[in-house]
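> Pasting input_17.cif below, which is mmCIF, C-alpha atoms and all ligand atoms.
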```
data_upload
#
loop_
_atom_site.label_atom_id
_atom_site.label_comp_id
_atom_site.auth_asym_id
_atom_site.auth_seq_id
_atom_site.Cartn_x
_atom_site.Cartn_y
_atom_site.Cartn_z
CA MET A 1 61.57 14.48 -65.66
CA ASP A 2 59.27 12.27 -63.64
CA HIS A 3 59.21 8.74 -62.25
CA PHE A 4 56.17 7.47 -64.15
CA ALA A 5 57.42 5.06 -66.79
CA TYR A 6 56.58 1.81 -68.56
CA LYS A 7 58.34 -1.35 -67.38
CA ASP A 8 57.52 -4.63 -69.12
CA GLY A 9 54.68 -2.85 -70.90
CA VAL A 10 52.96 -1.65 -67.73
CA LEU A 11 52.96 1.93 -66.45
CA HIS A 12 54.67 2.19 -63.06
CA ALA A 13 54.94 4.92 -60.47
CA GLU A 14 58.56 4.44 -59.41
CA ASN A 15 58.66 0.64 -58.84
CA VAL A 16 54.96 0.08 -58.32
CA PRO A 17 52.72 -1.01 -61.22
CA MET A 18 49.60 1.12 -61.56
CA SER A 19 47.57 -2.09 -61.68
CA THR A 20 48.75 -2.95 -58.14
CA ILE A 21 47.46 0.37 -56.86
CA ALA A 22 44.16 -0.01 -58.71
CA ASP A 23 43.70 -3.50 -57.23
CA ALA A 24 44.45 -2.32 -53.71
CA VAL A 25 42.70 1.05 -53.62
CA GLY A 26 40.26 1.03 -56.53
CA THR A 27 39.76 3.80 -59.07
CA PRO A 28 39.68 6.70 -59.65
CA VAL A 29 42.70 7.56 -57.50
CA TYR A 30 45.44 10.16 -57.61
CA VAL A 31 48.94 8.68 -57.52
CA TYR A 32 51.94 10.81 -56.47
CA SER A 33 55.60 9.92 -56.76
CA ARG A 34 57.74 10.96 -53.81
CA ALA A 35 60.96 10.80 -55.85
CA THR A 36 59.46 13.12 -58.44
CA LEU A 37 58.38 15.63 -55.81
CA GLU A 38 61.87 15.60 -54.31
CA ARG A 39 63.48 15.94 -57.69
CA HIS A 40 61.34 18.92 -58.67
CA ALA A 41 61.94 20.61 -55.32
CA ARG A 42 65.70 20.24 -55.77
CA VAL A 43 65.75 21.25 -59.43
CA PHE A 44 63.82 24.42 -58.65
CA ARG A 45 66.08 25.31 -55.73
CA GLU A 46 69.26 24.59 -57.71
CA ALA A 47 67.98 26.77 -60.56
CA LEU A 48 68.08 29.65 -58.08
CA ASP A 49 71.61 28.94 -56.87
CA ALA A 50 72.74 32.35 -58.13
CA VAL A 51 70.27 34.10 -55.81
CA PRO A 52 72.22 34.75 -52.61
CA ARG A 53 69.29 35.05 -50.17
CA LYS A 54 66.02 33.28 -50.83
CA HIS A 55 63.01 31.58 -49.29
CA ILE A 56 60.88 29.12 -51.24
CA ALA A 57 57.26 28.84 -50.13
CA PHE A 58 55.33 26.12 -51.94
CA ALA A 59 51.91 27.44 -53.01
CA ILE A 60 49.98 24.77 -51.21
CA LYS A 61 46.73 25.47 -52.98
CA ALA A 62 48.26 23.49 -55.85
CA ASN A 63 48.39 20.36 -53.68
CA PRO A 64 47.66 20.57 -49.96
CA ASN A 65 47.92 16.86 -49.15
CA LEU A 66 49.73 16.44 -45.83
CA ALA A 67 52.14 13.82 -47.15
CA VAL A 68 53.06 16.03 -50.10
CA LEU A 69 53.65 18.94 -47.73
CA ARG A 70 55.79 16.75 -45.48
CA VAL A 71 58.03 15.77 -48.40
CA LEU A 72 58.45 19.43 -49.35
CA ALA A 73 59.01 20.55 -45.75
CA ARG A 74 61.89 18.06 -45.59
CA GLU A 75 63.31 19.72 -48.71
CA GLY A 76 63.35 22.99 -46.77
CA TYR A 77 60.26 24.44 -48.42
CA GLY A 78 57.87 26.68 -46.56
CA ALA A 79 54.29 27.33 -47.61
CA ASP A 80 52.38 30.04 -49.40
CA ILE A 81 48.87 29.83 -47.97
CA VAL A 82 45.61 31.49 -48.96
CA SER A 83 43.33 30.48 -46.09
CA GLY A 84 43.25 29.51 -42.43
CA GLY A 85 42.67 25.93 -43.48
CA GLU A 86 45.86 25.91 -45.53
CA MET A 87 47.73 27.28 -42.52
CA GLN A 88 46.45 24.37 -40.42
CA ARG A 89 47.71 21.97 -43.07
CA ALA A 90 51.14 23.57 -43.36
CA LEU A 91 51.59 23.46 -39.59
CA ALA A 92 50.21 19.91 -39.35
CA ALA A 93 52.72 18.79 -41.99
CA GLY A 94 55.53 20.14 -39.84
CA MET A 95 56.35 23.38 -41.62
CA PRO A 96 57.70 26.03 -39.23
CA ALA A 97 55.29 28.96 -38.85
CA GLN A 98 58.13 31.34 -39.72
CA ASP A 99 58.36 29.70 -43.16
CA ILE A 100 54.71 30.46 -43.99
CA VAL A 101 53.61 33.31 -46.24
CA PHE A 102 49.92 34.33 -46.15
CA SER A 103 48.61 35.48 -49.56
CA GLY A 104 45.06 36.02 -50.68
CA VAL A 105 42.73 38.90 -51.45
CA GLY A 106 40.06 38.05 -48.85
CA LYS A 107 41.72 37.14 -45.57
CA THR A 108 39.16 37.49 -42.79
CA ARG A 109 39.87 39.14 -39.46
CA ALA A 110 39.65 35.72 -37.80
CA GLU A 111 42.23 34.32 -40.25
CA LEU A 112 44.57 37.27 -39.69
CA ALA A 113 44.33 36.81 -35.91
CA ALA A 114 44.92 33.05 -36.13
CA ALA A 115 47.97 33.61 -38.34
CA LEU A 116 49.38 36.19 -35.92
CA GLU A 117 48.77 33.78 -33.05
CA ALA A 118 50.64 31.04 -34.92
CA GLY A 119 53.51 33.43 -35.64
CA ILE A 120 53.67 33.08 -39.41
CA GLY A 121 56.59 34.67 -41.21
CA GLN A 122 54.93 37.03 -43.69
CA PHE A 123 51.60 38.61 -44.55
CA ASN A 124 51.17 39.64 -48.19
CA ILE A 125 48.85 42.64 -47.93
CA GLU A 126 46.42 43.05 -50.82
CA LEU A 127 44.79 46.41 -50.01
CA GLU A 128 45.43 49.38 -47.74
CA GLU A 129 42.56 48.60 -45.36
CA GLU A 130 43.78 45.04 -44.84
CA GLY A 131 47.09 46.47 -43.64
CA VAL A 132 45.31 48.85 -41.28
CA VAL A 133 43.18 46.07 -39.79
CA LEU A 134 46.16 43.69 -39.51
CA ALA A 135 48.13 46.39 -37.67
CA GLN A 136 45.23 46.91 -35.25
CA ILE A 137 44.80 43.22 -34.50
CA ALA A 138 48.55 42.77 -34.08
CA GLN A 139 48.73 45.70 -31.66
CA GLU A 140 45.83 44.33 -29.62
CA MET A 141 47.68 41.03 -29.40
CA GLY A 142 50.96 42.72 -28.53
CA ARG A 143 52.60 41.41 -31.70
CA THR A 144 54.22 42.75 -34.81
CA ALA A 145 53.23 41.40 -38.22
CA ASP A 146 55.99 41.11 -40.80
CA ALA A 147 54.35 42.19 -44.02
CA VAL A 148 54.91 42.99 -47.66
CA LEU A 149 52.60 44.89 -50.00
CA ARG A 150 51.31 42.99 -53.01
CA VAL A 151 51.48 45.13 -56.10
CA ASN A 152 49.60 44.65 -59.34
CA PRO A 153 52.18 45.44 -62.02
CA ASP A 154 49.65 45.55 -64.88
CA VAL A 155 51.34 43.08 -67.20
CA ASP A 156 49.59 40.49 -69.34
CA ALA A 157 50.99 37.09 -68.41
CA GLY A 158 49.69 35.64 -71.67
CA THR A 159 47.99 32.74 -69.93
CA HIS A 160 44.35 31.58 -69.58
CA ALA A 161 42.09 34.43 -68.40
CA LYS A 162 41.00 32.47 -65.31
CA ILE A 163 44.59 32.12 -64.05
CA SER A 164 45.85 35.58 -64.98
CA THR A 165 46.29 37.78 -61.90
CA GLY A 166 48.56 40.69 -62.78
CA MET A 167 46.47 42.91 -65.05
CA LYS A 168 44.96 46.06 -63.62
CA GLU A 169 41.40 44.76 -63.94
CA ASN A 170 42.28 41.67 -61.85
CA LYS A 171 41.31 41.65 -58.17
CA PHE A 172 44.84 41.13 -56.83
CA GLY A 173 47.26 43.62 -55.29
CA VAL A 174 47.30 47.41 -55.23
CA PRO A 175 47.86 49.34 -58.47
CA ILE A 176 51.56 49.87 -58.91
CA ASP A 177 51.13 53.64 -59.32
CA GLN A 178 49.48 53.83 -55.88
CA ALA A 179 51.91 51.48 -54.14
CA GLY A 180 54.24 54.29 -53.00
CA TRP A 181 51.77 56.17 -50.83
CA ILE A 182 49.99 53.04 -49.57
CA PHE A 183 53.32 51.56 -48.50
CA ALA A 184 54.26 54.86 -46.82
CA ARG A 185 51.01 54.95 -44.85
CA LEU A 186 51.27 51.29 -43.75
CA ALA A 187 54.90 51.79 -42.75
CA THR A 188 53.80 54.31 -40.09
CA LEU A 189 51.47 51.85 -38.33
CA PRO A 190 52.57 50.28 -35.07
CA GLY A 191 51.94 46.54 -35.12
CA LEU A 192 53.11 46.27 -38.72
CA ALA A 193 56.69 45.83 -39.93
CA MET A 194 56.63 46.58 -43.65
CA ARG A 195 59.49 44.52 -45.04
CA GLY A 196 59.00 44.73 -48.78
CA ILE A 197 56.80 44.14 -51.80
CA ALA A 198 55.27 41.19 -53.68
CA ILE A 199 53.85 40.24 -57.05
CA HIS A 200 52.29 37.16 -58.64
CA ILE A 201 51.08 37.69 -62.20
CA GLY A 202 49.49 34.37 -63.08
CA SER A 203 49.87 30.65 -63.52
CA GLN A 204 50.94 28.21 -66.23
CA LEU A 205 53.23 30.85 -67.77
CA PHE A 206 54.98 29.73 -70.94
CA ASP A 207 56.79 32.96 -71.63
CA LEU A 208 59.38 34.50 -69.32
CA ALA A 209 59.06 37.96 -70.92
CA PRO A 210 55.98 39.08 -68.93
CA LEU A 211 57.61 37.83 -65.72
CA GLU A 212 60.80 39.70 -66.51
CA ALA A 213 58.77 42.83 -67.31
CA ALA A 214 56.95 42.51 -63.99
CA TYR A 215 60.22 41.98 -62.12
CA GLY A 216 61.59 45.11 -63.82
CA LYS A 217 58.59 47.11 -62.60
CA ILE A 218 58.79 45.85 -59.06
CA GLY A 219 62.55 46.44 -59.03
CA ALA A 220 61.94 50.07 -59.98
CA LEU A 221 59.33 50.36 -57.23
CA MET A 222 61.81 48.88 -54.75
CA ARG A 223 64.36 51.57 -55.66
CA ASP A 224 61.72 54.34 -55.37
CA LEU A 225 60.66 53.10 -51.93
CA ARG A 226 64.26 52.94 -50.76
CA ALA A 227 64.87 56.44 -52.12
CA ALA A 228 61.89 57.56 -50.00
CA GLY A 229 63.64 56.18 -46.93
CA HIS A 230 61.95 52.77 -46.55
CA VAL A 231 63.86 49.62 -45.73
CA ILE A 232 63.06 46.96 -48.34
CA ASP A 233 64.68 43.69 -47.38
CA ARG A 234 62.24 41.25 -49.01
CA VAL A 235 60.84 41.00 -52.51
CA ASP A 236 58.33 38.23 -53.18
CA LEU A 237 58.35 37.22 -56.85
CA GLY A 238 55.34 34.86 -56.67
CA GLY A 239 54.96 31.65 -58.66
CA GLY A 240 53.55 30.84 -62.05
CA LEU A 241 56.05 28.77 -64.00
CA GLY A 242 54.23 26.47 -66.43
CA VAL A 243 54.44 22.69 -66.84
CA PRO A 244 54.21 20.57 -70.01
CA TYR A 245 50.67 19.20 -70.15
CA GLU A 246 51.25 18.20 -73.77
CA ARG A 247 54.39 16.32 -74.68
CA ASP A 248 55.40 18.67 -77.50
CA LYS A 249 54.66 21.98 -75.75
CA ILE A 250 57.61 22.69 -73.53
CA PRO A 251 57.61 25.57 -71.03
CA PRO A 252 60.74 27.43 -69.94
CA SER A 253 62.79 25.21 -67.63
CA PRO A 254 63.48 26.11 -64.01
CA ALA A 255 67.08 26.75 -65.16
CA ASP A 256 65.87 29.28 -67.79
CA TYR A 257 63.71 30.87 -65.12
CA GLY A 258 66.57 30.97 -62.61
CA ALA A 259 68.88 32.62 -65.15
CA MET A 260 66.24 35.27 -65.88
CA VAL A 261 65.71 35.89 -62.14
CA ALA A 262 69.46 36.24 -61.55
CA ARG A 263 69.69 38.74 -64.40
CA ALA A 264 66.58 40.73 -63.44
CA THR A 265 67.40 40.95 -59.72
CA LYS A 266 71.16 41.46 -59.80
CA ASP A 267 72.22 43.96 -57.10
CA TRP A 268 68.78 44.00 -55.48
CA ASP A 269 70.26 43.23 -52.08
CA ALA A 270 67.03 41.71 -50.74
CA THR A 271 65.85 38.26 -49.70
CA LEU A 272 63.85 36.93 -52.64
CA TYR A 273 60.73 34.92 -51.91
CA PHE A 274 59.39 32.40 -54.42
CA GLU A 275 55.96 30.79 -54.43
CA PRO A 276 56.06 27.91 -56.94
CA GLY A 277 53.07 25.60 -57.01
CA ARG A 278 52.32 23.80 -60.25
CA VAL A 279 55.95 23.40 -61.34
CA ILE A 280 56.75 21.41 -58.19
CA VAL A 281 53.75 19.05 -58.11
CA GLY A 282 52.17 19.00 -61.58
CA ASN A 283 54.19 16.18 -63.08
CA ALA A 284 54.53 14.39 -59.75
CA GLY A 285 50.97 13.09 -59.95
CA VAL A 286 48.63 11.20 -62.26
CA LEU A 287 44.94 10.39 -62.02
CA LEU A 288 44.48 6.64 -62.40
CA THR A 289 41.12 5.66 -63.84
CA ARG A 290 39.32 2.65 -65.31
CA VAL A 291 37.38 2.56 -68.56
CA ILE A 292 33.71 1.77 -67.84
CA TRP A 293 32.49 1.64 -71.42
CA VAL A 294 33.58 2.45 -74.90
CA LYS A 295 30.36 3.88 -76.28
CA PRO A 296 29.91 4.08 -80.02
CA GLY A 297 29.35 7.74 -80.90
CA VAL A 298 27.68 9.28 -83.89
CA ILE A 299 30.96 10.80 -85.07
CA ARG A 300 33.53 8.90 -83.01
CA PRO A 301 33.53 6.68 -79.93
CA TYR A 302 33.28 7.98 -76.37
CA VAL A 303 35.64 6.41 -73.85
CA ILE A 304 33.67 6.67 -70.60
CA VAL A 305 36.06 6.49 -67.66
CA ASP A 306 35.30 6.28 -63.95
CA ALA A 307 37.04 9.61 -63.23
CA ALA A 308 34.97 12.71 -63.84
CA MET A 309 35.00 16.50 -63.68
CA ASN A 310 34.39 16.32 -59.94
CA ASP A 311 37.72 14.46 -59.56
CA LEU A 312 39.73 16.52 -62.06
CA ALA A 313 38.09 19.86 -62.77
CA ARG A 314 40.76 21.48 -64.92
CA PRO A 315 39.47 20.41 -68.36
CA ALA A 316 35.94 21.63 -67.56
CA MET A 317 37.19 24.78 -65.84
CA TYR A 318 40.09 25.91 -67.99
CA ASP A 319 39.74 23.81 -71.15
CA ALA A 320 42.92 22.16 -69.89
CA TRP A 321 44.69 19.34 -71.67
CA HIS A 322 45.84 16.21 -69.82
CA ASP A 323 47.64 13.47 -71.72
CA PHE A 324 45.74 10.17 -71.53
CA GLU A 325 47.69 6.90 -71.58
CA ALA A 326 46.71 3.28 -71.19
CA VAL A 327 48.40 1.52 -68.26
CA ALA A 328 49.08 -1.51 -70.48
CA PRO A 329 49.04 -0.18 -74.06
CA THR A 330 48.74 -2.62 -76.94
CA GLY A 331 50.47 -0.29 -79.40
CA GLU A 332 47.24 0.27 -81.29
CA HIS A 333 45.59 3.69 -81.34
CA PHE A 334 42.19 5.13 -82.12
CA VAL A 335 40.62 8.57 -82.26
CA ALA A 336 38.04 9.01 -79.53
CA ASN A 337 36.42 11.39 -77.10
CA ILE A 338 37.08 10.85 -73.39
CA ALA A 339 34.38 11.65 -70.85
CA GLY A 340 33.34 10.92 -67.30
CA PRO A 341 30.03 9.73 -65.84
CA VAL A 342 28.83 13.12 -64.49
CA CYS A 343 25.63 14.42 -66.03
CA GLU A 344 27.12 17.49 -67.69
CA SER A 345 28.39 17.78 -71.24
CA GLY A 346 31.27 19.72 -69.69
CA ASP A 347 32.40 16.46 -68.08
CA THR A 348 34.56 15.77 -71.10
CA PHE A 349 38.33 15.37 -70.84
CA ALA A 350 39.12 15.38 -74.54
CA MET A 351 37.47 15.43 -77.94
CA ALA A 352 38.78 13.72 -81.07
CA ARG A 353 42.02 12.71 -79.39
CA ASP A 354 44.41 10.15 -80.89
CA ILE A 355 44.89 7.83 -77.88
CA ASP A 356 45.91 4.31 -76.96
CA LEU A 357 43.23 1.84 -77.96
CA VAL A 358 41.32 0.94 -74.80
CA LYS A 359 38.33 -1.24 -74.01
CA ALA A 360 35.97 -1.58 -71.05
CA GLY A 361 37.85 -2.59 -67.92
CA ASP A 362 41.24 -1.23 -69.00
CA LEU A 363 43.23 1.08 -66.74
CA ALA A 364 44.51 4.45 -67.93
CA VAL A 365 45.96 7.63 -66.49
CA PHE A 366 45.56 11.34 -66.96
CA ARG A 367 49.07 12.71 -66.74
CA THR A 368 50.32 15.84 -65.00
CA ALA A 369 47.47 15.81 -62.51
CA GLY A 370 49.47 16.54 -59.35
CA ALA A 371 48.64 20.26 -59.33
CA TYR A 372 45.13 21.68 -58.96
CA GLY A 373 43.80 18.12 -59.18
CA ALA A 374 42.64 16.41 -55.98
CA THR A 375 42.44 19.72 -54.18
CA MET A 376 39.69 20.93 -56.51
CA ALA A 377 37.74 17.66 -56.26
CA SER A 378 34.15 17.66 -55.08
CA THR A 379 31.43 15.11 -54.49
CA TYR A 380 29.19 16.45 -57.27
CA ASN A 381 26.65 13.87 -58.43
CA SER A 382 27.13 12.32 -54.95
CA ARG A 383 30.27 10.63 -56.11
CA PRO A 384 32.88 9.60 -53.51
CA LEU A 385 35.66 12.09 -52.84
CA VAL A 386 38.66 10.84 -54.80
CA PRO A 387 41.49 9.30 -52.72
CA GLU A 388 45.24 9.92 -53.02
CA VAL A 389 48.18 7.51 -52.90
CA MET A 390 51.89 8.24 -52.55
CA VAL A 391 54.51 5.91 -53.97
CA ASP A 392 58.00 5.68 -52.50
CA GLY A 393 60.22 3.23 -54.37
CA ASP A 394 58.64 -0.21 -53.93
CA ARG A 395 56.13 1.00 -51.36
CA PHE A 396 52.92 2.94 -51.54
CA ALA A 397 50.41 4.27 -49.05
CA VAL A 398 46.97 5.80 -49.13
CA VAL A 399 47.55 9.44 -48.12
CA ALA A 400 43.90 10.52 -48.40
CA ASP A 401 40.93 8.19 -48.02
CA ARG A 402 38.14 7.79 -50.50
CA ILE A 403 35.30 9.54 -48.66
CA MET A 404 32.17 7.59 -49.36
CA PRO A 405 28.62 8.94 -49.78
CA GLU A 406 27.67 7.39 -46.41
CA ALA A 407 30.13 9.70 -44.63
CA ILE A 408 28.95 12.72 -46.58
CA ILE A 409 25.29 11.92 -45.97
CA ALA A 410 26.06 11.44 -42.26
CA ALA A 411 27.12 15.11 -42.07
CA GLU A 412 23.72 16.25 -43.34
CA ARG A 413 20.83 16.93 -40.94
CA MET A 414 17.08 16.52 -41.24
CA PRO A 415 15.47 19.60 -39.63
CA ASP A 416 12.81 19.22 -36.93
CA PHE A 417 10.12 20.52 -39.27
CA LEU A 418 10.72 17.62 -41.66
CA GLN A 419 11.00 14.88 -39.04
CA ASP A 420 7.39 13.64 -39.17
C1 LIG B 1 48.38 30.31 -57.05
C2 LIG B 1 49.46 31.17 -56.51
C3 LIG B 1 50.80 30.77 -56.64
C4 LIG B 1 51.23 29.51 -57.35
O1 LIG B 1 51.03 29.55 -58.70
P1 LIG B 1 51.62 28.36 -59.62
O2 LIG B 1 51.22 28.75 -60.97
O3 LIG B 1 50.99 27.11 -59.17
O4 LIG B 1 53.09 28.36 -59.45
C5 LIG B 1 51.77 31.57 -56.06
N1 LIG B 1 51.45 32.72 -55.42
C6 LIG B 1 50.17 33.13 -55.29
C7 LIG B 1 49.89 34.39 -54.57
C8 LIG B 1 49.14 32.38 -55.83
O5 LIG B 1 47.88 32.80 -55.72
#
```
Could you express the structure from this file as structure tokens?


Amino acid sequence: MDHFAYKDGVLHAENVPMSTIADAVGTPVYVYSRATLERHARVFREALDAVPRKHIAFAIKANPNLAVLRVLAREGYGADIVSGGEMQRALAAGMPAQDIVFSGVGKTRAELAAALEAGIGQFNIELEEEGVVLAQIAQEMGRTADAVLRVNPDVDAGTHAKISTGMKENKFGVPIDQAGWIFARLATLPGLAMRGIAIHIGSQLFDLAPLEAAYGKIGALMRDLRAAGHVIDRVDLGGGLGVPYERDKIPPSPADYGAMVARATKDWDATLYFEPGRVIVGNAGVLLTRVIWVKPGVIRPYVIVDAAMNDLARPAMYDAWHDFEAVAPTGEHFVANIAGPVCESGDTFAMARDIDLVKAGDLAVFRTAGAYGATMASTYNSRPLVPEVMVDGDRFAVVADRIMPEAIIAAERMPDFLQD
């Protein structure tokens, strides 16, 4: 459930009409609903009520906006980060360092050192050598790194190839059949406190069966490691729960997921870590856009909007679907293609879609754009960087500026040899 709804025929975010935001900030613009973020954070946590010890670390790559992170920090969420920059954001938003989990297959030595310096709560080690280097750096700094070993369970998450991470050919984690000896070696290293194991098999999962299979495999590994004398007090179950991008395609609910987790992890006697991203923020955001033209096409019309693939990359990158709705629908529909102004045929949001009838100048939204939306935006075609707004009841605020070409050009330099 989200707080984007029609009132008197006009789409609102909570109590603010989209047209008010468009007038004040211009378009395109991402619009987030604080109440929706809070609701999703609570629903996800409540779904895990049966898990006695847990830590929820929001995967901030899904939406790293500081205001979004502040809302989630106040809900008791920590952060799952994948870069030094994300760590800076989590800390700047007020998340305690202890609540931060550092994932990612290519952490640099500088990032590992900075994270140790900040005192983050957990390193998710992706390969043996990373553990060795982390131990060395920690020892040099006179610290101990709390760490878990990320395991690749070799299960097919049944999702899009570009967001599948748990098959043996994927770059993530150590092969599960090698995890025993790698863990044993890392556990001997001073500077490293090996606390447990981690998995994350993919994103936008619509089927709980692969997750349950992966949890079964990691549970068996946990028992083997304990039998070998290791203390396993944390198991990180990753993220991945899907969201409904299309109205009639409904993913498992957080409650379904929580029930599966409770069943699969009964008697584990470990603190469970969760790294949800998309499920928390996806439906808490929309991309508000204005129709520039409705161009007659050879087969059907093209609705050319002022948002483009540089603002919302998911359709071009993953063939993703985003529902498109007029802000003030007339009730009439037509079948059209929807595209942006960027000079790429890939800058197409939908083909042959039955949508609200719109004309030049009308406002519309792409739904479910809160996850992997603004954070993937670029300035391709020298377009401004898309801004972000957060709504809170009757109020709203710009939470990320529109960065204009002037500012981007000002960061470029003419070399001496081209000055004359
Ligand atoms: C991307 C990612 C997540 C979040 O995935 P969602 O599908 O957004 O829930 C969690 N953990 C890791 C390690 C990730 O890379």

> Please list as number ranges by chain every residue within 12 Å of Ala220 of chain A, counting only C-alpha atoms and excluding residues in the same chain fewer than 5 positions away.

A: 153, 176-177, 179-180, 197, 213-215, 225-227, 235, 264-265, 268

> Which residues of chain A come within 10 Å of ligand LIG 1 (chain B), and for each one, what is the closest pair of atoms and their distance in Å to one decimal, counting only C-alpha atoms and all ligand atoms, sorted by chain and residue number, as JSON lines?


```
{"residue": "A:Ala57", "atom": "CA", "partner": "B:LIG1", "partner_atom": "C5", "distance": 8.5}
{"residue": "A:Phe58", "atom": "CA", "partner": "B:LIG1", "partner_atom": "C4", "distance": 7.6}
{"residue": "A:Ala59", "atom": "CA", "partner": "B:LIG1", "partner_atom": "C4", "distance": 4.9}
{"residue": "A:Ile60", "atom": "CA", "partner": "B:LIG1", "partner_atom": "C4", "distance": 7.9}
{"residue": "A:Lys61", "atom": "CA", "partner": "B:LIG1", "partner_atom": "C1", "distance": 6.5}
{"residue": "A:Ala62", "atom": "CA", "partner": "B:LIG1", "partner_atom": "O3", "distance": 5.6}
{"residue": "A:Asn63", "atom": "CA", "partner": "B:LIG1", "partner_atom": "O3", "distance": 9.1}
{"residue": "A:Ala79", "atom": "CA", "partner": "B:LIG1", "partner_atom": "C5", "distance": 9.8}
{"residue": "A:Asp80", "atom": "CA", "partner": "B:LIG1", "partner_atom": "N1", "distance": 6.7}
{"residue": "A:Ile81", "atom": "CA", "partner": "B:LIG1", "partner_atom": "C7", "distance": 8.1}
{"residue": "A:Val82", "atom": "CA", "partner": "B:LIG1", "partner_atom": "O5", "distance": 7.3}
{"residue": "A:Val101", "atom": "CA", "partner": "B:LIG1", "partner_atom": "C7", "distance": 9.2}
{"residue": "A:Phe102", "atom": "CA", "partner": "B:LIG1", "partner_atom": "C7", "distance": 8.4}
{"residue": "A:Ser103", "atom": "CA", "partner": "B:LIG1", "partner_atom": "C7", "distance": 5.3}
{"residue": "A:Gly104", "atom": "CA", "partner": "B:LIG1", "partner_atom": "C7", "distance": 6.4}
{"residue": "A:Val105", "atom": "CA", "partner": "B:LIG1", "partner_atom": "C7", "distance": 9.0}
{"residue": "A:Asn124", "atom": "CA", "partner": "B:LIG1", "partner_atom": "C7", "distance": 8.4}
{"residue": "A:Arg150", "atom": "CA", "partner": "B:LIG1", "partner_atom": "C7", "distance": 8.9}
{"residue": "A:Ile163", "atom": "CA", "partner": "B:LIG1", "partner_atom": "O2", "distance": 8.0}
{"residue": "A:Ser164", "atom": "CA", "partner": "B:LIG1", "partner_atom": "O2", "distance": 9.6}
{"residue": "A:Thr165", "atom": "CA", "partner": "B:LIG1", "partner_atom": "O5", "distance": 8.1}
{"residue": "A:Phe172", "atom": "CA", "partner": "B:LIG1", "partner_atom": "C7", "distance": 8.7}
{"residue": "A:Gly173", "atom": "CA", "partner": "B:LIG1", "partner_atom": "C7", "distance": 9.6}
{"residue": "A:Ala198", "atom": "CA", "partner": "B:LIG1", "partner_atom": "C7", "distance": 8.7}
{"residue": "A:Ile199", "atom": "CA", "partner": "B:LIG1", "partner_atom": "C7", "distance": 7.5}
{"residue": "A:His200", "atom": "CA", "partner": "B:LIG1", "partner_atom": "C7", "distance": 5.5}
{"residue": "A:Ile201", "atom": "CA", "partner": "B:LIG1", "partner_atom": "C6", "distance": 8.3}
{"residue": "A:Gly202", "atom": "CA", "partner": "B:LIG1", "partner_atom": "O2", "distance": 6.2}
{"residue": "A:Ser203", "atom": "CA", "partner": "B:LIG1", "partner_atom": "O2", "distance": 3.5}
{"residue": "A:Gln204", "atom": "CA", "partner": "B:LIG1", "partner_atom": "O2", "distance": 5.3}
{"residue": "A:Leu205", "atom": "CA", "partner": "B:LIG1", "partner_atom": "O2", "distance": 7.4}
{"residue": "A:Asp236", "atom": "CA", "partner": "B:LIG1", "partner_atom": "N1", "distance": 9.1}
{"residue": "A:Leu237", "atom": "CA", "partner": "B:LIG1", "partner_atom": "N1", "distance": 8.4}
{"residue": "A:Gly238", "atom": "CA", "partner": "B:LIG1", "partner_atom": "N1", "distance": 4.6}
{"residue": "A:Gly239", "atom": "CA", "partner": "B:LIG1", "partner_atom": "O4", "distance": 3.9}
{"residue": "A:Gly240", "atom": "CA", "partner": "B:LIG1", "partner_atom": "O2", "distance": 3.3}
{"residue": "A:Leu241", "atom": "CA", "partner": "B:LIG1", "partner_atom": "O4", "distance": 5.4}
{"residue": "A:Gly242", "atom": "CA", "partner": "B:LIG1", "partner_atom": "O2", "distance": 6.6}
{"residue": "A:Val243", "atom": "CA", "partner": "B:LIG1", "partner_atom": "O2", "distance": 9.0}
{"residue": "A:Phe274", "atom": "CA", "partner": "B:LIG1", "partner_atom": "C5", "distance": 7.8}
{"residue": "A:Glu275", "atom": "CA", "partner": "B:LIG1", "partner_atom": "C5", "distance": 4.6}
{"residue": "A:Pro276", "atom": "CA", "partner": "B:LIG1", "partner_atom": "O4", "distance": 3.9}
{"residue": "A:Gly277", "atom": "CA", "partner": "B:LIG1", "partner_atom": "O3", "distance": 3.4}
{"residue": "A:Arg278", "atom": "CA", "partner": "B:LIG1", "partner_atom": "O3", "distance": 3.7}
{"residue": "A:Val279", "atom": "CA", "partner": "B:LIG1", "partner_atom": "O4", "distance": 6.0}
{"residue": "A:Ile280", "atom": "CA", "partner": "B:LIG1", "partner_atom": "O4", "distance": 8.0}
{"residue": "A:Val281", "atom": "CA", "partner": "B:LIG1", "partner_atom": "O3", "distance": 8.6}
{"residue": "A:Gly282", "atom": "CA", "partner": "B:LIG1", "partner_atom": "O3", "distance": 8.5}
{"residue": "A:Ala371", "atom": "CA", "partner": "B:LIG1", "partner_atom": "O3", "distance": 7.2}
{"residue": "A:Tyr372", "atom": "CA", "partner": "B:LIG1", "partner_atom": "O3", "distance": 8.0}
```

> From the options A:Asn15, A:Thr330, A:Asn337, A:Gln88, which residue's atoms come nearest to Tyr302 of chain A, counting all atoms listed in the file?

A:Asn337

> So, with all atoms listed in the file as the atoms that count, which of A:Phe396, A:Phe44, A:Phe123, A:Trp181 lies closest to Ala145 of chain A?

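Nearest candidate to Ala145 of chain A out of A:Phe396, A:Phe44, A:Phe123, A:Trp181: A:Phe123.
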
> What is the distance, in Å and to one decimal place, between atom CA of Thr289 of chain A and atom CA of Gly373 of chain A?

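Distance reported for this atom pair: 13.6 Å.
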
> Using only C-alpha atoms, which of A:Ala336, A:Leu37, A:Val358, A:Ile182 sits nearest Pro296 of chain A?

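Looking only at the distances to Pro296 of chain A, the closest residue turns out to be A:Ala336.
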